[in-house]
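Here's final-v4.cif, which has mmCIF, C-alpha atoms:
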```cif
data_structure
#
loop_
_atom_site.group_PDB
_atom_site.id
_atom_site.type_symbol
_atom_site.label_atom_id
_atom_site.label_comp_id
_atom_site.auth_asym_id
_atom_site.auth_seq_id
_atom_site.Cartn_x
_atom_site.Cartn_y
_atom_site.Cartn_z
ATOM 1 C CA MET I 295 33.207 32.594 -286.162
ATOM 2 C CA ARG I 296 35.340 32.320 -289.283
ATOM 3 C CA VAL I 297 34.852 29.360 -291.634
ATOM 4 C CA ARG I 298 36.862 28.384 -294.717
ATOM 5 C CA ILE I 299 36.471 25.468 -297.108
ATOM 6 C CA VAL I 300 40.063 24.328 -297.508
ATOM 7 C CA PRO I 301 41.095 24.100 -301.207
ATOM 8 C CA SER I 302 42.147 20.719 -302.569
ATOM 9 C CA THR I 303 42.899 21.429 -306.233
ATOM 10 C CA ARG I 304 45.424 23.518 -308.127
ATOM 11 C CA ASP I 305 42.754 25.917 -309.420
ATOM 12 C CA GLY I 306 41.354 26.311 -305.904
ATOM 13 C CA ARG I 307 37.808 26.159 -307.246
ATOM 14 C CA HIS I 308 36.850 22.513 -307.137
ATOM 15 C CA GLN I 309 36.367 20.496 -303.972
ATOM 16 C CA LEU I 310 37.783 17.012 -304.450
ATOM 17 C CA LEU I 311 38.594 16.527 -300.767
ATOM 18 C CA THR I 312 36.798 17.878 -297.715
ATOM 19 C CA SER I 313 38.120 20.003 -294.862
ATOM 20 C CA TYR I 314 36.866 23.129 -293.128
ATOM 21 C CA LEU I 315 39.088 25.476 -291.128
ATOM 22 C CA ILE I 316 37.391 27.258 -288.241
ATOM 23 C CA ASN I 317 39.024 30.167 -286.429
ATOM 24 C CA LYS I 318 42.509 29.019 -287.496
ATOM 25 C CA THR I 319 42.926 26.258 -284.891
ATOM 26 C CA LEU I 320 40.074 23.791 -285.509
ATOM 27 C CA ALA I 321 39.518 21.641 -288.590
ATOM 28 C CA ILE I 322 36.461 19.641 -289.532
ATOM 29 C CA ASP I 323 37.663 16.621 -291.508
ATOM 30 C CA ALA I 324 41.153 16.053 -292.856
ATOM 31 C CA GLY I 325 40.697 15.466 -296.563
ATOM 32 C CA ALA I 326 42.608 18.563 -297.691
ATOM 33 C CA LEU I 327 44.591 19.870 -294.724
ATOM 34 C CA SER I 328 48.095 19.139 -295.991
ATOM 35 C CA ILE I 329 47.168 20.362 -299.491
ATOM 36 C CA GLY I 330 45.187 23.556 -298.986
ATOM 37 C CA LEU I 331 46.744 25.016 -295.845
ATOM 38 C CA THR I 332 50.090 26.764 -295.658
ATOM 39 C CA GLN I 333 52.732 25.348 -293.329
ATOM 40 C CA GLU I 334 52.026 28.179 -290.910
ATOM 41 C CA GLU I 335 48.315 27.353 -290.944
ATOM 42 C CA GLN I 336 49.043 23.671 -290.407
ATOM 43 C CA ARG I 337 51.216 24.494 -287.396
ATOM 44 C CA ALA I 338 48.353 26.497 -285.880
ATOM 45 C CA LEU I 339 45.959 23.529 -285.858
ATOM 46 C CA ARG I 340 45.149 22.219 -282.400
ATOM 47 C CA ALA I 341 42.157 19.960 -283.048
ATOM 48 C CA ILE I 342 40.533 17.989 -285.867
ATOM 49 C CA ILE I 343 37.015 16.530 -285.901
ATOM 50 C CA ILE I 344 36.314 13.567 -288.189
ATOM 51 C CA THR I 345 32.703 13.322 -289.376
ATOM 52 C CA HIS I 346 33.249 9.908 -290.995
ATOM 53 C CA THR I 347 36.076 7.855 -292.432
ATOM 54 C CA HIS I 348 35.497 8.040 -296.188
ATOM 55 C CA LEU I 349 38.777 8.809 -297.931
ATOM 56 C CA ASP I 350 37.837 12.290 -299.171
ATOM 57 C CA HIS I 351 37.382 13.300 -295.511
ATOM 58 C CA THR I 352 40.525 11.667 -294.106
ATOM 59 C CA ALA I 353 43.068 11.443 -296.946
ATOM 60 C CA THR I 354 45.691 13.947 -295.753
ATOM 61 C CA LEU I 355 45.584 13.197 -292.034
ATOM 62 C CA PRO I 356 48.632 10.883 -292.229
ATOM 63 C CA MET I 357 50.675 13.442 -294.190
ATOM 64 C CA LEU I 358 49.673 16.291 -291.903
ATOM 65 C CA LEU I 359 50.855 14.497 -288.790
ATOM 66 C CA THR I 360 54.193 13.456 -290.255
ATOM 67 C CA ASP I 361 54.749 16.922 -291.773
ATOM 68 C CA LEU I 362 54.332 18.375 -288.271
ATOM 69 C CA PHE I 363 56.667 15.819 -286.696
ATOM 70 C CA ASP I 364 59.336 18.336 -285.620
ATOM 71 C CA GLU I 365 56.856 21.098 -284.793
ATOM 72 C CA LEU I 366 54.557 19.603 -282.179
ATOM 73 C CA ARG I 367 55.120 20.017 -278.459
ATOM 74 C CA ARG I 368 51.685 18.680 -277.532
ATOM 75 C CA PRO I 369 49.400 16.365 -279.490
ATOM 76 C CA ILE I 370 46.701 17.442 -281.901
ATOM 77 C CA ALA I 371 43.327 16.452 -280.464
ATOM 78 C CA LEU I 372 41.515 14.103 -282.836
ATOM 79 C CA TYR I 373 37.775 13.949 -282.178
ATOM 80 C CA ALA I 374 36.146 10.894 -283.721
ATOM 81 C CA THR I 375 33.751 8.148 -282.738
ATOM 82 C CA GLN I 376 35.443 5.088 -281.311
ATOM 83 C CA SER I 377 34.491 3.036 -284.375
ATOM 84 C CA ASP I 378 35.888 5.666 -286.748
ATOM 85 C CA PHE I 379 39.134 5.913 -284.793
ATOM 86 C CA ASP I 380 39.438 2.142 -284.793
ATOM 87 C CA ALA I 381 38.938 2.146 -288.569
ATOM 88 C CA LEU I 382 41.660 4.764 -289.042
ATOM 89 C CA VAL I 383 44.072 2.717 -286.937
ATOM 90 C CA LYS I 384 43.245 -0.528 -288.734
ATOM 91 C CA TYR I 385 43.094 0.622 -292.344
ATOM 92 C CA ILE I 386 45.362 3.701 -292.571
ATOM 93 C CA PHE I 387 47.729 3.886 -289.611
ATOM 94 C CA ASN I 388 49.237 0.460 -290.102
ATOM 95 C CA PRO I 389 52.721 -0.534 -291.317
ATOM 96 C CA ARG I 390 51.522 -1.536 -294.774
ATOM 97 C CA ILE I 391 49.804 1.778 -295.574
ATOM 98 C CA TRP I 392 51.511 4.370 -293.360
ATOM 99 C CA ILE I 393 52.868 4.534 -289.802
ATOM 100 C CA THR I 394 51.233 3.159 -286.679
ATOM 101 C CA ILE I 395 49.614 5.505 -284.178
ATOM 102 C CA GLU I 396 52.065 4.281 -281.523
ATOM 103 C CA THR I 397 54.999 5.361 -283.708
ATOM 104 C CA LEU I 398 53.608 8.835 -284.356
ATOM 105 C CA ARG I 399 55.519 10.644 -281.634
ATOM 106 C CA ASN I 400 58.596 12.822 -281.392
ATOM 107 C CA GLU I 401 60.927 13.329 -278.425
ATOM 108 C CA HIS I 402 58.409 15.694 -276.806
ATOM 109 C CA THR I 403 54.961 14.262 -277.381
ATOM 110 C CA ALA I 404 52.633 11.928 -279.190
ATOM 111 C CA LEU I 405 51.520 13.649 -282.402
ATOM 112 C CA VAL I 406 47.827 12.860 -282.009
ATOM 113 C CA GLU I 407 45.489 12.120 -279.119
ATOM 114 C CA HIS I 408 42.115 10.477 -279.681
ATOM 115 C CA ARG I 409 39.151 12.075 -277.940
ATOM 116 C CA PRO I 410 35.985 9.992 -278.357
ATOM 117 C CA MET I 411 32.927 11.690 -279.837
ATOM 118 C CA ARG I 412 29.337 10.482 -279.529
ATOM 119 C CA ALA I 413 26.111 11.570 -281.193
ATOM 120 C CA GLY I 414 24.054 13.903 -279.034
ATOM 121 C CA GLU I 415 26.886 14.633 -276.586
ATOM 122 C CA PRO I 416 28.224 18.202 -276.924
ATOM 123 C CA PHE I 417 31.851 19.003 -276.198
ATOM 124 C CA ASP I 418 33.972 22.147 -275.997
ATOM 125 C CA VAL I 419 37.069 22.620 -278.121
ATOM 126 C CA GLU I 420 39.064 25.717 -279.080
ATOM 127 C CA GLY I 421 36.483 28.096 -277.613
ATOM 128 C CA LEU I 422 33.595 26.463 -279.469
ATOM 129 C CA THR I 423 30.816 24.076 -278.474
ATOM 130 C CA ILE I 424 30.291 21.163 -280.853
ATOM 131 C CA LEU I 425 27.182 18.979 -281.014
ATOM 132 C CA PRO I 426 27.531 15.858 -283.190
ATOM 133 C CA VAL I 427 24.293 14.699 -284.835
ATOM 134 C CA GLN I 428 24.034 11.448 -286.773
ATOM 135 C CA VAL I 429 22.929 11.937 -290.383
ATOM 136 C CA THR I 430 21.949 9.585 -293.191
ATOM 137 C CA HIS I 431 24.871 8.275 -295.217
ATOM 138 C CA THR I 432 26.298 4.948 -296.379
ATOM 139 C CA VAL I 433 28.511 4.708 -293.284
ATOM 140 C CA LEU I 434 28.196 6.121 -289.779
ATOM 141 C CA THR I 435 28.407 9.901 -290.289
ATOM 142 C CA HIS I 436 27.850 12.905 -288.062
ATOM 143 C CA GLY I 437 26.875 16.434 -288.906
ATOM 144 C CA LEU I 438 28.139 19.093 -286.518
ATOM 145 C CA LEU I 439 26.477 22.102 -284.925
ATOM 146 C CA VAL I 440 29.293 24.521 -284.094
ATOM 147 C CA GLU I 441 28.550 27.389 -281.684
ATOM 148 C CA ASP I 442 30.386 30.334 -280.180
ATOM 149 C CA GLU I 443 28.955 33.059 -277.944
ATOM 150 C CA LYS I 444 27.304 34.942 -280.817
ATOM 151 C CA SER I 445 26.515 32.526 -283.619
ATOM 152 C CA ALA I 446 26.184 28.935 -284.768
ATOM 153 C CA VAL I 447 26.934 27.166 -288.041
ATOM 154 C CA LEU I 448 25.751 23.699 -289.062
ATOM 155 C CA PHE I 449 27.823 21.306 -291.181
ATOM 156 C CA THR I 450 25.837 18.311 -292.408
ATOM 157 C CA SER I 451 28.839 16.412 -293.786
ATOM 158 C CA ASP I 452 27.831 13.816 -296.391
ATOM 159 C CA THR I 453 24.115 13.137 -296.133
ATOM 160 C CA GLY I 454 20.947 12.384 -298.016
ATOM 161 C CA ALA I 455 17.441 12.991 -296.703
ATOM 162 C CA THR I 456 17.601 13.037 -292.915
ATOM 163 C CA GLU I 457 15.583 14.317 -289.942
ATOM 164 C CA LYS I 458 17.294 14.754 -286.567
ATOM 165 C CA ILE I 459 19.754 17.413 -287.695
ATOM 166 C CA TRP I 460 16.903 19.683 -288.813
ATOM 167 C CA GLU I 461 15.285 19.403 -285.397
ATOM 168 C CA VAL I 462 18.590 20.550 -283.909
ATOM 169 C CA ALA I 463 18.939 23.349 -286.465
ATOM 170 C CA ASN I 464 15.449 24.731 -285.961
ATOM 171 C CA ALA I 465 15.896 24.749 -282.186
ATOM 172 C CA CYS I 466 19.118 26.807 -282.343
ATOM 173 C CA ALA I 467 18.293 30.513 -282.126
ATOM 174 C CA LYS I 468 21.891 31.516 -282.958
ATOM 175 C CA LEU I 469 22.072 29.501 -286.194
ATOM 176 C CA LYS I 470 23.300 31.643 -289.089
ATOM 177 C CA ALA I 471 24.137 29.157 -291.856
ATOM 178 C CA VAL I 472 24.087 25.552 -292.986
ATOM 179 C CA PHE I 473 26.793 23.986 -295.160
ATOM 180 C CA ILE I 474 25.118 21.031 -296.853
ATOM 181 C CA ASP I 475 26.049 18.263 -299.256
ATOM 182 C CA LEU I 476 25.190 18.999 -302.915
ATOM 183 C CA SER I 477 27.168 16.366 -304.797
ATOM 184 C CA PHE I 478 25.276 15.589 -308.017
ATOM 185 C CA PRO I 479 23.265 17.295 -310.776
ATOM 186 C CA ASN I 480 19.568 16.596 -311.228
ATOM 187 C CA ALA I 481 20.227 14.064 -313.990
ATOM 188 C CA LEU I 482 21.936 11.893 -311.360
ATOM 189 C CA THR I 483 19.301 12.309 -308.660
ATOM 190 C CA GLU I 484 18.792 8.558 -308.373
ATOM 191 C CA LEU I 485 22.535 8.077 -307.843
ATOM 192 C CA ALA I 486 22.397 10.821 -305.211
ATOM 193 C CA ARG I 487 19.591 8.992 -303.414
ATOM 194 C CA VAL I 488 21.326 5.600 -303.517
ATOM 195 C CA SER I 489 24.657 7.010 -302.326
ATOM 196 C CA GLU I 490 22.981 9.208 -299.669
ATOM 197 C CA HIS I 491 23.961 12.561 -301.157
ATOM 198 C CA HIS I 492 21.927 15.420 -302.672
ATOM 199 C CA SER I 493 21.119 16.915 -306.056
ATOM 200 C CA PRO I 494 19.488 20.357 -306.368
ATOM 201 C CA GLU I 495 16.143 18.596 -306.688
ATOM 202 C CA THR I 496 16.463 16.626 -303.460
ATOM 203 C CA LEU I 497 18.105 19.510 -301.631
ATOM 204 C CA LEU I 498 15.151 21.759 -302.401
ATOM 205 C CA ASP I 499 12.885 19.215 -300.671
ATOM 206 C CA GLU I 500 15.309 18.963 -297.740
ATOM 207 C CA MET I 501 15.369 22.735 -297.248
ATOM 208 C CA LYS I 502 11.638 22.661 -296.508
ATOM 209 C CA LYS I 503 12.564 21.070 -293.178
ATOM 210 C CA LEU I 504 14.686 24.107 -292.198
ATOM 211 C CA ARG I 505 13.274 27.396 -291.019
ATOM 212 C CA SER I 506 13.293 30.055 -293.705
ATOM 213 C CA ASP I 507 15.669 32.622 -292.140
ATOM 214 C CA ILE I 508 18.803 30.447 -292.429
ATOM 215 C CA ALA I 509 21.314 30.772 -295.263
ATOM 216 C CA VAL I 510 22.156 27.479 -296.988
ATOM 217 C CA TYR I 511 25.512 26.875 -298.707
ATOM 218 C CA GLY I 512 25.888 23.964 -301.115
ATOM 219 C CA VAL I 513 29.229 22.168 -300.751
ATOM 220 C CA LEU I 514 30.952 18.931 -301.816
ATOM 221 C CA LEU I 515 30.053 19.421 -305.493
ATOM 222 C CA LYS I 516 31.581 16.583 -307.512
ATOM 223 C CA ALA I 517 34.201 18.186 -309.764
ATOM 224 C CA PRO I 518 32.928 16.875 -313.155
ATOM 225 C CA TYR I 519 29.445 18.246 -312.446
ATOM 226 C CA ARG I 520 30.237 21.522 -310.707
ATOM 227 C CA ASP I 521 29.181 23.851 -313.537
ATOM 228 C CA ARG I 522 25.987 21.869 -314.172
ATOM 229 C CA ILE I 523 25.042 21.959 -310.500
ATOM 230 C CA ILE I 524 25.668 25.697 -310.295
ATOM 231 C CA ALA I 525 23.495 26.307 -313.358
ATOM 232 C CA GLU I 526 20.696 24.198 -311.877
ATOM 233 C CA VAL I 527 20.888 26.025 -308.541
ATOM 234 C CA ASN I 528 20.671 29.346 -310.390
ATOM 235 C CA THR I 529 17.453 28.252 -312.104
ATOM 236 C CA LEU I 530 15.888 27.504 -308.710
ATOM 237 C CA ASN I 531 16.056 31.225 -307.922
ATOM 238 C CA ASP I 532 15.976 30.508 -304.182
ATOM 239 C CA PRO I 533 17.660 33.411 -302.351
ATOM 240 C CA ARG I 534 18.512 31.190 -299.386
ATOM 241 C CA LEU I 535 20.663 28.777 -301.411
ATOM 242 C CA THR I 536 24.183 29.681 -302.554
ATOM 243 C CA ILE I 537 27.094 27.592 -303.783
ATOM 244 C CA ALA I 538 29.876 28.037 -301.245
ATOM 245 C CA GLU I 539 33.198 29.382 -302.506
ATOM 246 C CA VAL I 540 36.223 27.198 -301.855
ATOM 247 C CA GLY I 541 39.018 29.116 -300.111
ATOM 248 C CA ARG I 542 36.852 32.048 -299.032
ATOM 249 C CA ASP I 543 36.705 33.096 -295.377
ATOM 250 C CA TYR I 544 33.091 33.340 -294.187
ATOM 251 C CA ASP I 545 32.419 35.338 -291.030
ATOM 252 C CA PHE I 546 29.344 34.607 -288.957
#
```
Can the structure from this file be put into C-alpha coordinates for me?
Amino acid sequence: MRVRIVPSTRDGRHQLLTSYLINKTLAIDAGALSIGLTQEEQRALRAIIITHTHLDHTATLPMLLTDLFDELRRPIALYATQSDFDALVKYIFNPRIWITIETLRNEHTALVEHRPMRAGEPFDVEGLTILPVQVTHTVLTHGLLVEDEKSAVLFTSDTGATEKIWEVANACAKLKAVFIDLSFPNALTELARVSEHHSPETLLDEMKKLRSDIAVYGVLLKAPYRDRIIAEVNTLNDPRLTIAEVGRDYDF
(Lines of atoms letter the chains of each structure in order from A and count residues from 1; the text may use other names and numbers.)
(Lines give C-alpha, C1' and ligand atoms only; values in the text may rest on other atoms or scores of the structure.)
Protein backbone atom coordinates (compact mmCIF):
# COMPACT_ATOMS: atom_id res chain seq x y z
CA MET A 1 0.00 0.00 0.00
CA ARG A 2 1.36 3.40 -0.97
CA VAL A 3 0.35 6.47 1.05
CA ARG A 4 1.13 10.14 0.40
CA ILE A 5 0.16 13.26 2.33
CA VAL A 6 -0.88 15.59 -0.47
CA PRO A 7 0.95 18.97 -0.28
CA SER A 8 -1.12 22.11 0.19
CA THR A 9 1.49 24.88 0.33
CA ARG A 10 4.03 26.33 -2.07
CA ASP A 11 6.98 25.06 -0.01
CA GLY A 12 5.42 21.59 0.14
CA ARG A 13 6.40 21.25 3.79
CA HIS A 14 3.46 22.58 5.75
CA GLN A 15 0.05 20.94 5.90
CA LEU A 16 -2.65 23.61 5.82
CA LEU A 17 -5.23 21.35 4.18
CA THR A 18 -5.70 17.60 4.53
CA SER A 19 -5.73 14.90 1.87
CA TYR A 20 -4.06 11.51 1.56
CA LEU A 21 -3.51 9.72 -1.75
CA ILE A 22 -3.55 5.93 -1.58
CA ASN A 23 -2.38 3.77 -4.46
CA LYS A 24 -3.03 6.58 -6.98
CA THR A 25 -6.81 6.11 -7.25
CA LEU A 26 -8.19 6.64 -3.73
CA ALA A 27 -8.13 9.84 -1.69
CA ILE A 28 -8.92 10.31 1.97
CA ASP A 29 -10.37 13.80 2.36
CA ALA A 30 -10.39 16.54 -0.25
CA GLY A 31 -8.70 19.49 1.40
CA ALA A 32 -5.71 19.61 -0.96
CA LEU A 33 -6.54 17.49 -4.01
CA SER A 34 -6.74 20.25 -6.61
CA ILE A 35 -3.65 21.96 -5.14
CA GLY A 36 -1.15 19.19 -4.47
CA LEU A 37 -1.91 16.69 -7.22
CA THR A 38 -0.91 17.05 -10.85
CA GLN A 39 -3.65 17.03 -13.48
CA GLU A 40 -2.66 13.49 -14.39
CA GLU A 41 -2.96 12.41 -10.76
CA GLN A 42 -6.34 14.11 -10.44
CA ARG A 43 -7.60 12.28 -13.53
CA ALA A 44 -6.56 8.96 -11.97
CA LEU A 45 -8.77 9.43 -8.90
CA ARG A 46 -11.74 7.09 -8.74
CA ALA A 47 -12.92 7.48 -5.15
CA ILE A 48 -12.76 9.96 -2.27
CA ILE A 49 -13.59 9.28 1.39
CA ILE A 50 -14.63 12.21 3.58
CA THR A 51 -13.80 11.77 7.27
CA HIS A 52 -15.71 14.92 8.28
CA THR A 53 -16.82 18.19 6.75
CA HIS A 54 -14.47 20.75 8.29
CA LEU A 55 -13.15 23.05 5.57
CA ASP A 56 -9.52 21.90 5.71
CA HIS A 57 -10.75 18.40 4.78
CA THR A 58 -13.18 19.41 2.02
CA ALA A 59 -11.98 22.74 0.59
CA THR A 60 -10.87 21.65 -2.90
CA LEU A 61 -13.60 19.12 -3.63
CA PRO A 62 -15.67 21.65 -5.64
CA MET A 63 -12.65 22.73 -7.72
CA LEU A 64 -11.55 19.16 -8.33
CA LEU A 65 -14.90 18.13 -9.74
CA THR A 66 -15.23 21.13 -12.04
CA ASP A 67 -11.59 20.82 -13.17
CA LEU A 68 -12.37 17.24 -14.24
CA PHE A 69 -15.58 18.24 -16.02
CA ASP A 70 -14.40 17.26 -19.52
CA GLU A 71 -12.39 14.25 -18.35
CA LEU A 72 -14.89 12.04 -16.55
CA ARG A 73 -16.73 9.21 -18.25
CA ARG A 74 -18.03 7.75 -14.98
CA PRO A 75 -18.57 9.47 -11.64
CA ILE A 76 -16.06 9.69 -8.83
CA ALA A 77 -17.37 7.70 -5.87
CA LEU A 78 -17.75 9.95 -2.83
CA TYR A 79 -17.90 8.00 0.43
CA ALA A 80 -19.34 10.03 3.28
CA THR A 81 -21.92 9.65 6.02
CA GLN A 82 -25.39 10.75 5.01
CA SER A 83 -25.21 13.73 7.38
CA ASP A 84 -21.84 14.83 5.98
CA PHE A 85 -23.07 14.52 2.40
CA ASP A 86 -26.17 16.51 3.28
CA ALA A 87 -23.96 19.21 4.80
CA LEU A 88 -21.81 19.39 1.66
CA VAL A 89 -24.91 19.76 -0.50
CA LYS A 90 -26.45 22.40 1.76
CA TYR A 91 -23.43 24.55 2.57
CA ILE A 92 -21.01 24.13 -0.37
CA PHE A 93 -22.78 22.73 -3.42
CA ASN A 94 -25.43 25.41 -3.60
CA PRO A 95 -25.87 28.25 -6.12
CA ARG A 96 -24.59 30.91 -3.74
CA ILE A 97 -21.27 29.20 -2.96
CA TRP A 98 -20.59 26.91 -5.94
CA ILE A 99 -22.63 24.65 -8.23
CA THR A 100 -25.38 22.26 -7.21
CA ILE A 101 -24.75 18.52 -7.17
CA GLU A 102 -27.50 18.08 -9.78
CA THR A 103 -25.65 20.42 -12.16
CA LEU A 104 -22.32 18.64 -11.77
CA ARG A 105 -22.58 16.43 -14.84
CA ASN A 106 -21.24 16.42 -18.37
CA GLU A 107 -22.75 14.84 -21.48
CA HIS A 108 -21.51 11.41 -20.38
CA THR A 109 -22.02 11.15 -16.65
CA ALA A 110 -22.66 12.75 -13.30
CA LEU A 111 -19.32 13.91 -11.90
CA VAL A 112 -19.83 12.50 -8.42
CA GLU A 113 -21.87 9.69 -6.89
CA HIS A 114 -22.57 9.56 -3.16
CA ARG A 115 -21.98 6.22 -1.46
CA PRO A 116 -23.14 6.28 2.18
CA MET A 117 -20.62 5.34 4.85
CA ARG A 118 -21.44 4.23 8.40
CA ALA A 119 -19.29 3.66 11.47
CA GLY A 120 -18.43 0.02 12.01
CA GLU A 121 -19.51 -1.07 8.52
CA PRO A 122 -16.54 -2.03 6.30
CA PHE A 123 -16.64 -1.51 2.56
CA ASP A 124 -14.40 -2.35 -0.39
CA VAL A 125 -13.09 0.31 -2.74
CA GLU A 126 -10.21 0.33 -5.23
CA GLY A 127 -8.87 -3.02 -4.03
CA LEU A 128 -8.86 -1.96 -0.38
CA THR A 129 -11.11 -2.68 2.59
CA ILE A 130 -12.07 0.37 4.64
CA LEU A 131 -13.46 0.31 8.18
CA PRO A 132 -14.79 3.66 9.43
CA VAL A 133 -14.48 4.18 13.20
CA GLN A 134 -16.00 7.17 14.98
CA VAL A 135 -13.42 9.25 16.86
CA THR A 136 -13.64 12.17 19.27
CA HIS A 137 -13.82 15.56 17.60
CA THR A 138 -16.00 18.68 17.65
CA VAL A 139 -18.18 17.32 14.83
CA LEU A 140 -19.01 13.80 13.69
CA THR A 141 -15.66 12.41 12.48
CA HIS A 142 -14.43 8.99 11.44
CA GLY A 143 -10.98 7.50 11.48
CA LEU A 144 -10.31 4.87 8.84
CA LEU A 145 -8.61 1.49 8.97
CA VAL A 146 -7.39 0.80 5.44
CA GLU A 147 -6.36 -2.77 4.55
CA ASP A 148 -5.00 -4.63 1.55
CA GLU A 149 -3.93 -8.28 1.38
CA LYS A 150 -0.59 -7.67 3.12
CA SER A 151 -0.88 -4.65 5.38
CA ALA A 152 -3.11 -2.13 7.10
CA VAL A 153 -2.75 1.57 7.90
CA LEU A 154 -4.87 3.58 10.32
CA PHE A 155 -5.80 7.23 9.78
CA THR A 156 -7.35 8.85 12.85
CA SER A 157 -8.39 12.07 11.09
CA ASP A 158 -8.92 14.94 13.55
CA THR A 159 -9.27 13.56 17.06
CA GLY A 160 -8.50 14.09 20.70
CA ALA A 161 -8.43 11.35 23.32
CA THR A 162 -10.57 8.48 22.09
CA GLU A 163 -11.04 4.75 22.68
CA LYS A 164 -12.78 2.63 20.03
CA ILE A 165 -10.20 3.19 17.31
CA TRP A 166 -7.45 1.77 19.52
CA GLU A 167 -9.48 -1.38 20.10
CA VAL A 168 -9.71 -1.74 16.33
CA ALA A 169 -6.00 -1.02 15.88
CA ASN A 170 -4.83 -3.51 18.48
CA ALA A 171 -7.02 -6.23 17.00
CA CYS A 172 -5.56 -5.82 13.48
CA ALA A 173 -2.59 -8.15 13.04
CA LYS A 174 -1.64 -6.54 9.70
CA LEU A 175 -1.44 -2.98 11.07
CA LYS A 176 1.84 -1.31 10.12
CA ALA A 177 1.32 2.38 10.91
CA VAL A 178 -0.96 5.01 12.38
CA PHE A 179 -1.24 8.55 11.02
CA ILE A 180 -2.52 10.63 13.93
CA ASP A 181 -3.49 14.22 14.62
CA LEU A 182 -0.71 16.32 16.21
CA SER A 183 -1.96 19.87 15.76
CA PHE A 184 -0.57 21.96 18.63
CA PRO A 185 2.59 22.42 20.72
CA ASN A 186 2.63 21.61 24.42
CA ALA A 187 2.09 25.25 25.39
CA LEU A 188 -1.35 24.99 23.75
CA THR A 189 -2.31 21.64 25.25
CA GLU A 190 -5.48 23.06 26.78
CA LEU A 191 -6.53 24.42 23.37
CA ALA A 192 -5.79 20.98 21.91
CA ARG A 193 -8.04 19.36 24.51
CA VAL A 194 -10.91 21.82 24.00
CA SER A 195 -10.76 21.56 20.20
CA GLU A 196 -10.33 17.76 20.29
CA HIS A 197 -6.84 17.64 18.80
CA HIS A 198 -3.45 16.57 20.21
CA SER A 199 -0.22 18.11 21.44
CA PRO A 200 2.91 15.98 21.96
CA GLU A 201 1.98 15.74 25.63
CA THR A 202 -1.50 14.36 25.02
CA LEU A 203 -0.36 12.20 22.13
CA LEU A 204 2.19 10.48 24.34
CA ASP A 205 -0.65 9.48 26.69
CA GLU A 206 -2.77 8.34 23.73
CA MET A 207 0.02 6.12 22.38
CA LYS A 208 -0.11 4.07 25.58
CA LYS A 209 -3.40 2.67 24.28
CA LEU A 210 -1.69 1.29 21.14
CA ARG A 211 0.44 -1.82 21.08
CA SER A 212 4.14 -1.06 21.01
CA ASP A 213 5.11 -2.56 17.62
CA ILE A 214 3.21 0.01 15.53
CA ALA A 215 4.86 3.05 13.95
CA VAL A 216 3.09 6.35 14.69
CA TYR A 217 3.26 9.33 12.31
CA GLY A 218 2.23 12.77 13.55
CA VAL A 219 0.25 14.74 10.96
CA LEU A 220 -1.94 17.86 10.69
CA LEU A 221 0.65 20.07 12.40
CA LYS A 222 -0.65 23.65 12.46
CA ALA A 223 1.70 25.65 10.23
CA PRO A 224 2.69 28.39 12.75
CA TYR A 225 3.73 25.75 15.29
CA ARG A 226 5.33 23.12 13.07
CA ASP A 227 8.95 23.72 14.13
CA ARG A 228 8.00 23.88 17.82
CA ILE A 229 6.06 20.63 17.60
CA ILE A 230 8.92 18.88 15.83
CA ALA A 231 11.38 20.05 18.49
CA GLU A 232 9.08 18.81 21.26
CA VAL A 233 8.64 15.43 19.57
CA ASN A 234 12.42 15.12 19.28
CA THR A 235 12.82 15.67 23.02
CA LEU A 236 10.42 12.79 23.71
CA ASN A 237 12.98 10.42 22.19
CA ASP A 238 10.26 7.86 21.42
CA PRO A 239 11.41 5.71 18.48
CA ARG A 240 7.83 4.87 17.54
CA LEU A 241 6.82 8.50 16.90
CA THR A 242 7.87 10.36 13.76
CA ILE A 243 6.60 13.52 12.10
CA ALA A 244 5.25 12.49 8.71
CA GLU A 245 6.75 14.14 5.64
CA VAL A 246 4.31 15.95 3.38
CA GLY A 247 4.61 14.80 -0.24
CA ARG A 248 6.58 11.65 0.52
CA ASP A 249 5.36 8.26 -0.71
CA TYR A 250 5.22 5.75 2.16
CA ASP A 251 5.10 2.07 1.26
CA PHE A 252 3.61 -0.42 3.69
For this session: Can you give me, as number ranges by chain, the residues this file yields under the PyMOL selection byres ((chain I and resi 356) around 10)?
Result: I: 324, 328, 352-355, 357-361, 382, 386-387, 391-395, 398
Hey, can you spit out that residue selection with C-alpha atoms as an mmCIF file, keeping the file's coordinate frame?
```cif
data_model
loop_
_atom_site.group_PDB
_atom_site.id
_atom_site.type_symbol
_atom_site.label_atom_id
_atom_site.label_comp_id
_atom_site.auth_asym_id
_atom_site.auth_seq_id
_atom_site.Cartn_x
_atom_site.Cartn_y
_atom_site.Cartn_z
ATOM 1 C CA ALA I 324 41.153 16.053 -292.856
ATOM 2 C CA SER I 328 48.095 19.139 -295.991
ATOM 3 C CA THR I 352 40.525 11.667 -294.106
ATOM 4 C CA ALA I 353 43.068 11.443 -296.946
ATOM 5 C CA THR I 354 45.691 13.947 -295.753
ATOM 6 C CA LEU I 355 45.584 13.197 -292.034
ATOM 7 C CA MET I 357 50.675 13.442 -294.190
ATOM 8 C CA LEU I 358 49.673 16.291 -291.903
ATOM 9 C CA LEU I 359 50.855 14.497 -288.790
ATOM 10 C CA THR I 360 54.193 13.456 -290.255
ATOM 11 C CA ASP I 361 54.749 16.922 -291.773
ATOM 12 C CA LEU I 382 41.660 4.764 -289.042
ATOM 13 C CA ILE I 386 45.362 3.701 -292.571
ATOM 14 C CA PHE I 387 47.729 3.886 -289.611
ATOM 15 C CA ILE I 391 49.804 1.778 -295.574
ATOM 16 C CA TRP I 392 51.511 4.370 -293.360
ATOM 17 C CA ILE I 393 52.868 4.534 -289.802
ATOM 18 C CA THR I 394 51.233 3.159 -286.679
ATOM 19 C CA ILE I 395 49.614 5.505 -284.178
ATOM 20 C CA LEU I 398 53.608 8.835 -284.356
#
```
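In this structure, atom CA of I:Ile344 sits 9.6 Å away from atom CA of I:Gly325.
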Problem set entry | Counting all atoms listed in the file, the residue of I:Ala381, I:Ala413, I:Ala341, I:Leu310 that sits nearest I:Pro518 | I:Leu310
For this session: Could you give me, as a ChimeraX atom specification, the residues within 12 Å of I:Ala465, counting only C-alpha atoms and dropping anything in the same chain fewer than 3 positions from it?
Result: /I:439,446,458-462,468-469,504-505
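Taking atom CA of I:Asp475 and atom CA of I:Gln333 as the two end points, the separation is 28.2 Å.
Applied to this file, the PyMOL selection byres ((chain I and resi 452) around 7) selects the residues His431, Thr450, Ser451, Thr453, Asp475 and His491 of chain I.
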Exercise. Out of I:Ala481, I:Ala374, I:Val540, I:Val406, which residue has the shortest atom-to-atom distance to I:Ala326 when counting only C-alpha atoms?
Worked result: I:Val540
For this session: Name the residues that the PyMOL selection byres ((chain I and resi 337) around 9) picks from the file above, as a VMD selection string, using the file's chain letters and numbers.
Result: chain I and resid 319 332 to 336 338 to 340 362 365 to 366
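Between atom CA of I:Ser489 and atom CA of I:Thr432 the interatomic distance comes to 6.5 Å.
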